[in-house]
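Notes for the one structure printed next.
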Protein chains: 2
Amino acid sequence: MSQVYADRRGRLRDRCAVAGTAAALVSRPANVRYLTGAAPPGAVLLLGADASADVLLCPHAPTGDPVEGRADEALPLTVLPPTGEDPAVAGAGLALGSGADTLAVEERHLSVARYRAVGAAAPRLRLTDLGTAVEQERLVKDDEELTCLRIAAEITDQALGELLESILVGRTERHLALELERRLVDHGADGPAFPTSVATGPHSGRERHRPSDRRVEEGDFLSVRLGAGYRGYRCEIGRTFVIGTAPADWQIELYDLVFTAQRAAREALAPGAAYSDVDRAARHILDAAGYGDRVGPRLGHGIGLEIEEDPQFSPAAMGKLDACVPVTVEPGVHLPGRGGVRIDDTLVVRQEADGGPELLTITTKELLAL
Amino acid sequence: MSQVYADRRGRLRDRCAVAGTAAALVSRPANVRYLTGAAPPGAVLLLGADASADVLLCPHAPTGDPVEGRADEALPLTVLPPTGEDPAVAGAGLALGSGADTLAVEERHLSVARYRAVGAAAPRLRLTDLGTAVEQERLVKDDEELTCLRIAAEITDQALGELLESILVGRTERHLALELERRLVDHGADGPAFPTSVATGPHSGRERHRPSDRRVEEGDFLSVRLGAGYRGYRCEIGRTFVIGTAPADWQIELYDLVFTAQRAAREALAPGAAYSDVDRAARHILDAAGYGDRVGPRLGHGIGLEIEEDPQFSPAAMGKLDACVPVTVEPGVHLPGRGGVRIDDTLVVRQEADGGPELLTITTKELLAL
């Protein structure tokens, strides 16, 4: 395993060399984890001119998190214990001491105050922007990463499947969300990949609904969105159900529409497909049915060490899909006062010859009446 | 309620005026919440030259979180719907349009990339640093805030009390932590104030232990750290118990030592007391017993809308306590391979004449054998 991280750092080092930067300071937690296998809170990676100069700087003593323990296995990488100083500032000092004349930092992550402190600690260093160099490396996942995502999806399907077998009427959104999160951990998740959303009745189908004390009632739409984290990798599933035996006509129609739109976007996933075309595949169906103004700005996104990564599926997104990029496809329609439908899957983009998009979240998308 | 937020914004406006700044962009979530009563994810407050110019800019559509709904009640405050643009950039554009020539931003929060985008969007604005102006306003809590903290502490005590009545041997740290979090929500918490820590046996007493799959065994120390969030306000309690009927001598001795140190720091809490003196009150007792190198860099901190606020109780901390400042007092000693003890309370600093420090977390600190 340690070679994987050393190789990733090597690729970033090559990028930096091409850009004329001798050293880089990586502070965004998911990027630190990607490059070292370790994620102590607040840790900063100094990427030096060669592998022996790489240093992981930690602001706190270890917490006992098993993930953090991996830093040592992921050698060759020097791990410096906490000094009380901001690790970014300490890293800049080390870079200066090593003779570097430029240091790339993550301007999208580092605060202005920390940036100034880094500059003050190493005034002879020219600071440049690392930009999204690490995020771009993270886009296409390797086999190990895809395995973690598959396990995360399996855990998620299990937790959701168990919930569907239990009595739902009368329970609150908050309790159902907590129950789902407990089941995720029961099945081996590190924890929930993001705060679980459970939305009932008029709340159903809202994109970012936070669970309330509303109880599930007969006739409700119930929409849930959850995902497991497994070894840092996150997946996402969203499903909408109806409570009671007979869905109303408007519920069946709305569900079929969203289902059709979601399937169209899933079928548009292929290496070389434009991000905006995936968005359009679902959006034009919702538009044509008159729900254009009820649809969010984006209908899916990349997923991995973070729940929302590149690419973004939106009308203005630039770029094309590659194979081995995991993404979500998650259109939804919410009708104020009535409720709505969201259907959300995690898939991996694959060549047609390899069987096309790999669906990771396999819970049924039939409209179940619970 | 809305007047409270308008008054807070008025005080910040006065500070800005004194500093010669016509407008300010507040982006740190807890600060936005403090000043508006609302906390939509990623929202930014533009504080204008007068109250009618204040604007809350949101990046997403509303989520149905009841907290967010308060933005409207907390008028007079214009709430702008999402535009797809970074709300900080949009806010800078509004400030420029209103004729401001300077704009204070939170350099400790804003990333370098966003700062540059703000500068590019409003090149004629001189950007200054708002520093910790809002954090300083937040230090002393009003009655409404203290009421929320008392309720958060009551919920926390209830959740912990129930756990103590259940069977613990054989259960994993992760399950106990989840159980505590469920109970917090059962009793009315918004959610856990921070990730619940449950540490057994050799893990016990670690400052930042994350729950593992280790099971509770007879003879273990069990240390827990949890807290409820209530209307955004967070409290914290930490307790250490022993599992089984007869604690070992070393356990009793270590417990008594940490208890004595924690009591000394609690008794040092008074308006006018130096932060470093509160730290020293506990630290010198642990030092004298030979555990100086086992004690963390700080023995407590302020608490409120964030779990860790100013002040910090550490040897080098500068400043003195005020009345109505809620703080934690949380010394601990961890012996590698054996375990340890942490005792953690949330208290409010009060004048001696008002009864001295008000203990919010009232679960017993006797060494219970469970």
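By order of appearance in the structure tokens: chains A, B, ..., then residues from 1 within every chain, and ligands from 1 in the order shown.
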
All residues 12 Å or closer to Gly337 of chain B, only C-alpha atoms, same chain fewer than 2 positions away omitted, as an MDAnalysis selection string: chainID B and resid 200:206 220 334:335 339:340

Selection above as a file: N, CA, C and O atoms, as a short mmCIF file (atom, residue, chain, number, x, y, z; two decimals), in the first residue's frame:
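Result went into selection12.cif, see below:
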```
data_model
loop_
_atom_site.label_atom_id
_atom_site.label_comp_id
_atom_site.auth_asym_id
_atom_site.auth_seq_id
_atom_site.Cartn_x
_atom_site.Cartn_y
_atom_site.Cartn_z
N THR B 200 -12.24 3.05 25.78
CA THR B 200 -12.24 2.00 26.80
C THR B 200 -10.82 1.51 27.05
O THR B 200 -9.96 1.57 26.17
N GLY B 201 -10.61 0.99 28.25
CA GLY B 201 -9.34 0.33 28.59
C GLY B 201 -8.14 1.19 28.22
O GLY B 201 -8.06 2.36 28.64
N PRO B 202 -7.23 0.67 27.42
CA PRO B 202 -6.02 1.42 27.10
C PRO B 202 -6.28 2.72 26.32
O PRO B 202 -5.43 3.60 26.30
N HIS B 203 -7.46 2.84 25.71
CA HIS B 203 -7.80 4.08 24.99
C HIS B 203 -8.27 5.18 25.93
O HIS B 203 -8.27 6.35 25.56
N SER B 204 -8.72 4.79 27.12
CA SER B 204 -9.39 5.76 28.00
C SER B 204 -8.47 6.92 28.34
O SER B 204 -7.26 6.76 28.44
N GLY B 205 -9.06 8.09 28.46
CA GLY B 205 -8.30 9.27 28.85
C GLY B 205 -7.58 9.96 27.70
O GLY B 205 -6.95 10.99 27.91
N ARG B 206 -7.68 9.42 26.47
CA ARG B 206 -7.05 10.10 25.33
C ARG B 206 -7.86 11.32 24.95
O ARG B 206 -9.09 11.26 24.89
N ASP B 220 -11.92 -2.20 32.97
CA ASP B 220 -11.58 -1.04 32.13
C ASP B 220 -11.90 0.27 32.83
O ASP B 220 -12.90 0.38 33.54
N HIS B 334 -3.37 10.48 30.29
CA HIS B 334 -3.43 9.19 29.60
C HIS B 334 -2.08 8.50 29.76
O HIS B 334 -1.04 9.10 29.47
N LEU B 335 -2.11 7.27 30.22
CA LEU B 335 -0.87 6.49 30.37
C LEU B 335 -0.85 5.46 29.24
O LEU B 335 -1.70 4.55 29.22
N GLY B 339 -4.26 3.34 29.95
CA GLY B 339 -5.49 4.11 29.92
C GLY B 339 -5.36 5.35 30.77
O GLY B 339 -4.26 5.71 31.17
N GLY B 340 -6.48 5.99 31.03
CA GLY B 340 -6.38 7.22 31.79
C GLY B 340 -7.73 7.81 32.11
O GLY B 340 -8.77 7.17 31.95
#
```

Distance query segment 95-103 of chain A at most 6 Å, only C-alpha atoms, self and fewer than 4 positions along chain excluded, as a ChimeraX atom specification: /A:21-24,125-127

All residues 6 Å or closer to Val329 of chain B, only C-alpha atoms, same chain fewer than 4 positions away omitted, as a list in words: Gly300, Asp344 and Asp345 of chain B

Write a file of the selected residues as a short mmCIF file (atom, residue, chain, number, x, y, z; two decimals), in the first residue's frame, keeping N, CA, C and O atoms.
```
data_model
loop_
_atom_site.label_atom_id
_atom_site.label_comp_id
_atom_site.auth_asym_id
_atom_site.auth_seq_id
_atom_site.Cartn_x
_atom_site.Cartn_y
_atom_site.Cartn_z
N GLY B 300 -8.79 23.62 28.76
CA GLY B 300 -10.18 24.05 28.63
C GLY B 300 -10.25 25.19 27.62
O GLY B 300 -9.22 25.65 27.13
N ASP B 344 -14.47 16.54 32.40
CA ASP B 344 -14.73 17.70 31.55
C ASP B 344 -16.11 18.25 31.89
O ASP B 344 -17.10 17.53 31.85
N ASP B 345 -16.15 19.52 32.26
CA ASP B 345 -17.42 20.19 32.53
C ASP B 345 -17.55 21.44 31.69
O ASP B 345 -16.55 22.05 31.30
#
```

Contact residues (chain B, partner chain A, 10 Å, only C-alpha atoms) as a ChimeraX atom specification: /B:60-66,83-84,105-116,129,131,174-175,178-179,181-182,185-186,188,190-191,199,203,206-213,296-297

Atoms to include: N, CA and C atoms. Write the selected residues as a CSV table (one decimal), in the first residue's frame.
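Once written, selection_32.csv looks like this:
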```csv
chain,number,residue,atom,x,y,z
B,60,HIS,N,-27.2,28.3,-1.8
B,60,HIS,CA,-28.1,27.2,-2.2
B,60,HIS,C,-29.6,27.6,-1.9
B,61,ALA,N,-30.5,26.8,-2.5
B,61,ALA,CA,-31.9,27.0,-2.1
B,61,ALA,C,-32.1,26.5,-0.7
B,62,PRO,N,-33.1,26.9,0.0
B,62,PRO,CA,-33.3,26.5,1.4
B,62,PRO,C,-33.4,25.0,1.6
B,63,THR,N,-33.1,24.5,2.7
B,63,THR,CA,-33.0,23.1,2.9
B,63,THR,C,-34.1,22.6,3.8
B,64,GLY,N,-34.9,23.5,4.3
B,64,GLY,CA,-36.0,23.0,5.2
B,64,GLY,C,-35.5,22.9,6.7
B,65,ASP,N,-34.2,23.2,6.9
B,65,ASP,CA,-33.8,23.2,8.3
B,65,ASP,C,-34.5,24.4,9.0
B,66,PRO,N,-35.1,24.1,10.2
B,66,PRO,CA,-35.9,25.1,10.8
B,66,PRO,C,-35.0,26.3,11.2
B,83,THR,N,-27.6,32.7,-6.7
B,83,THR,CA,-27.4,33.1,-8.1
B,83,THR,C,-26.4,32.2,-8.8
B,84,GLY,N,-25.8,31.3,-8.1
B,84,GLY,CA,-24.8,30.4,-8.7
B,84,GLY,C,-23.4,31.0,-8.5
B,105,VAL,N,-12.9,41.9,5.4
B,105,VAL,CA,-13.3,40.4,5.2
B,105,VAL,C,-12.6,39.6,6.3
B,106,GLU,N,-13.1,38.4,6.5
B,106,GLU,CA,-12.5,37.6,7.6
B,106,GLU,C,-11.3,36.8,7.0
B,107,GLU,N,-10.2,37.3,7.2
B,107,GLU,CA,-9.0,36.7,6.6
B,107,GLU,C,-8.7,35.4,7.2
B,108,ARG,N,-9.1,35.1,8.4
B,108,ARG,CA,-8.9,33.8,9.0
B,108,ARG,C,-9.8,32.8,8.4
B,109,HIS,N,-10.9,33.2,7.8
B,109,HIS,CA,-11.8,32.2,7.2
B,109,HIS,C,-11.8,32.1,5.7
B,110,LEU,N,-11.7,33.3,5.1
B,110,LEU,CA,-11.8,33.3,3.6
B,110,LEU,C,-10.5,32.7,3.0
B,111,SER,N,-10.7,31.8,2.0
B,111,SER,CA,-9.5,31.2,1.3
B,111,SER,C,-8.9,32.3,0.4
B,112,VAL,N,-7.6,32.0,0.1
B,112,VAL,CA,-6.9,32.9,-0.8
B,112,VAL,C,-7.6,33.1,-2.1
B,113,ALA,N,-8.1,32.0,-2.6
B,113,ALA,CA,-8.7,32.0,-3.9
B,113,ALA,C,-10.0,32.9,-3.9
B,114,ARG,N,-10.8,32.7,-2.8
B,114,ARG,CA,-12.0,33.5,-2.7
B,114,ARG,C,-11.7,35.0,-2.5
B,115,TYR,N,-10.6,35.2,-1.8
B,115,TYR,CA,-10.2,36.6,-1.5
B,115,TYR,C,-9.8,37.3,-2.8
B,116,ARG,N,-9.0,36.5,-3.6
B,116,ARG,CA,-8.6,37.1,-4.9
B,116,ARG,C,-9.9,37.4,-5.8
B,129,ASP,N,-8.8,43.6,7.0
B,129,ASP,CA,-9.1,42.4,7.7
B,129,ASP,C,-10.0,42.7,8.9
B,131,GLY,N,-10.5,40.6,11.1
B,131,GLY,CA,-9.9,39.9,12.3
B,131,GLY,C,-10.9,39.1,13.0
B,174,ARG,N,-17.8,2.2,19.4
B,174,ARG,CA,-18.6,2.8,18.3
B,174,ARG,C,-20.1,2.7,18.6
B,175,HIS,N,-20.5,1.6,19.1
B,175,HIS,CA,-21.9,1.5,19.4
B,175,HIS,C,-22.4,2.3,20.5
B,178,LEU,N,-22.7,5.9,19.2
B,178,LEU,CA,-23.9,6.0,18.4
B,178,LEU,C,-25.1,6.1,19.3
B,179,GLU,N,-25.1,5.2,20.3
B,179,GLU,CA,-26.3,5.2,21.3
B,179,GLU,C,-26.4,6.5,22.0
B,181,GLU,N,-25.4,9.4,20.9
B,181,GLU,CA,-25.9,10.4,20.0
B,181,GLU,C,-27.4,10.3,19.7
B,182,ARG,N,-27.9,9.1,19.7
B,182,ARG,CA,-29.3,8.9,19.5
B,182,ARG,C,-30.1,9.4,20.7
B,185,VAL,N,-30.5,13.2,20.6
B,185,VAL,CA,-31.5,13.6,19.7
B,185,VAL,C,-32.9,13.3,20.3
B,186,ASP,N,-33.0,12.1,20.9
B,186,ASP,CA,-34.3,11.8,21.6
B,186,ASP,C,-34.7,12.8,22.6
B,188,GLY,N,-34.1,16.0,22.4
B,188,GLY,CA,-34.4,17.3,21.9
B,188,GLY,C,-33.2,18.0,21.3
B,190,ASP,N,-30.5,19.4,18.6
B,190,ASP,CA,-30.4,19.5,17.2
B,190,ASP,C,-29.6,18.3,16.6
B,191,GLY,N,-28.6,17.9,17.4
B,191,GLY,CA,-27.7,16.8,17.1
B,191,GLY,C,-26.5,16.9,18.0
B,199,ALA,N,-14.0,5.9,24.9
B,199,ALA,CA,-12.7,5.3,24.9
B,199,ALA,C,-12.6,4.3,26.1
B,203,HIS,N,-7.5,2.8,25.7
B,203,HIS,CA,-7.8,4.1,25.0
B,203,HIS,C,-8.3,5.2,25.9
B,206,ARG,N,-7.7,9.4,26.5
B,206,ARG,CA,-7.0,10.1,25.3
B,206,ARG,C,-7.9,11.3,25.0
B,207,GLU,N,-7.2,12.4,24.6
B,207,GLU,CA,-7.9,13.6,24.4
B,207,GLU,C,-8.8,13.6,23.2
B,208,ARG,N,-8.4,13.0,22.1
B,208,ARG,CA,-9.2,13.1,20.9
B,208,ARG,C,-9.4,11.7,20.3
B,209,HIS,N,-9.8,10.8,21.2
B,209,HIS,CA,-10.0,9.4,20.8
B,209,HIS,C,-11.2,9.3,19.9
B,210,ARG,N,-11.1,8.6,18.8
B,210,ARG,CA,-12.2,8.3,18.0
B,210,ARG,C,-12.7,6.9,18.3
B,211,PRO,N,-14.0,6.6,18.5
B,211,PRO,CA,-14.4,5.3,18.9
B,211,PRO,C,-14.0,4.2,17.9
B,212,SER,N,-13.6,3.1,18.5
B,212,SER,CA,-13.1,2.0,17.7
B,212,SER,C,-14.0,0.8,17.9
B,213,ASP,N,-13.6,-0.4,17.4
B,213,ASP,CA,-14.4,-1.6,17.6
B,213,ASP,C,-14.0,-2.3,18.9
B,296,GLY,N,-2.0,17.7,28.0
B,296,GLY,CA,-2.1,18.4,26.8
B,296,GLY,C,-1.8,19.9,26.9
B,297,PRO,N,-1.7,20.5,25.7
B,297,PRO,CA,-1.3,21.9,25.7
B,297,PRO,C,-2.3,22.9,26.3
```

Cys58 of chain A environment, 9 Å, only C-alpha atoms, sequence neighbours closer than 2 positions dropped, as number ranges by chain: A: 40-45, 56, 60-62, 79-83, 86-87
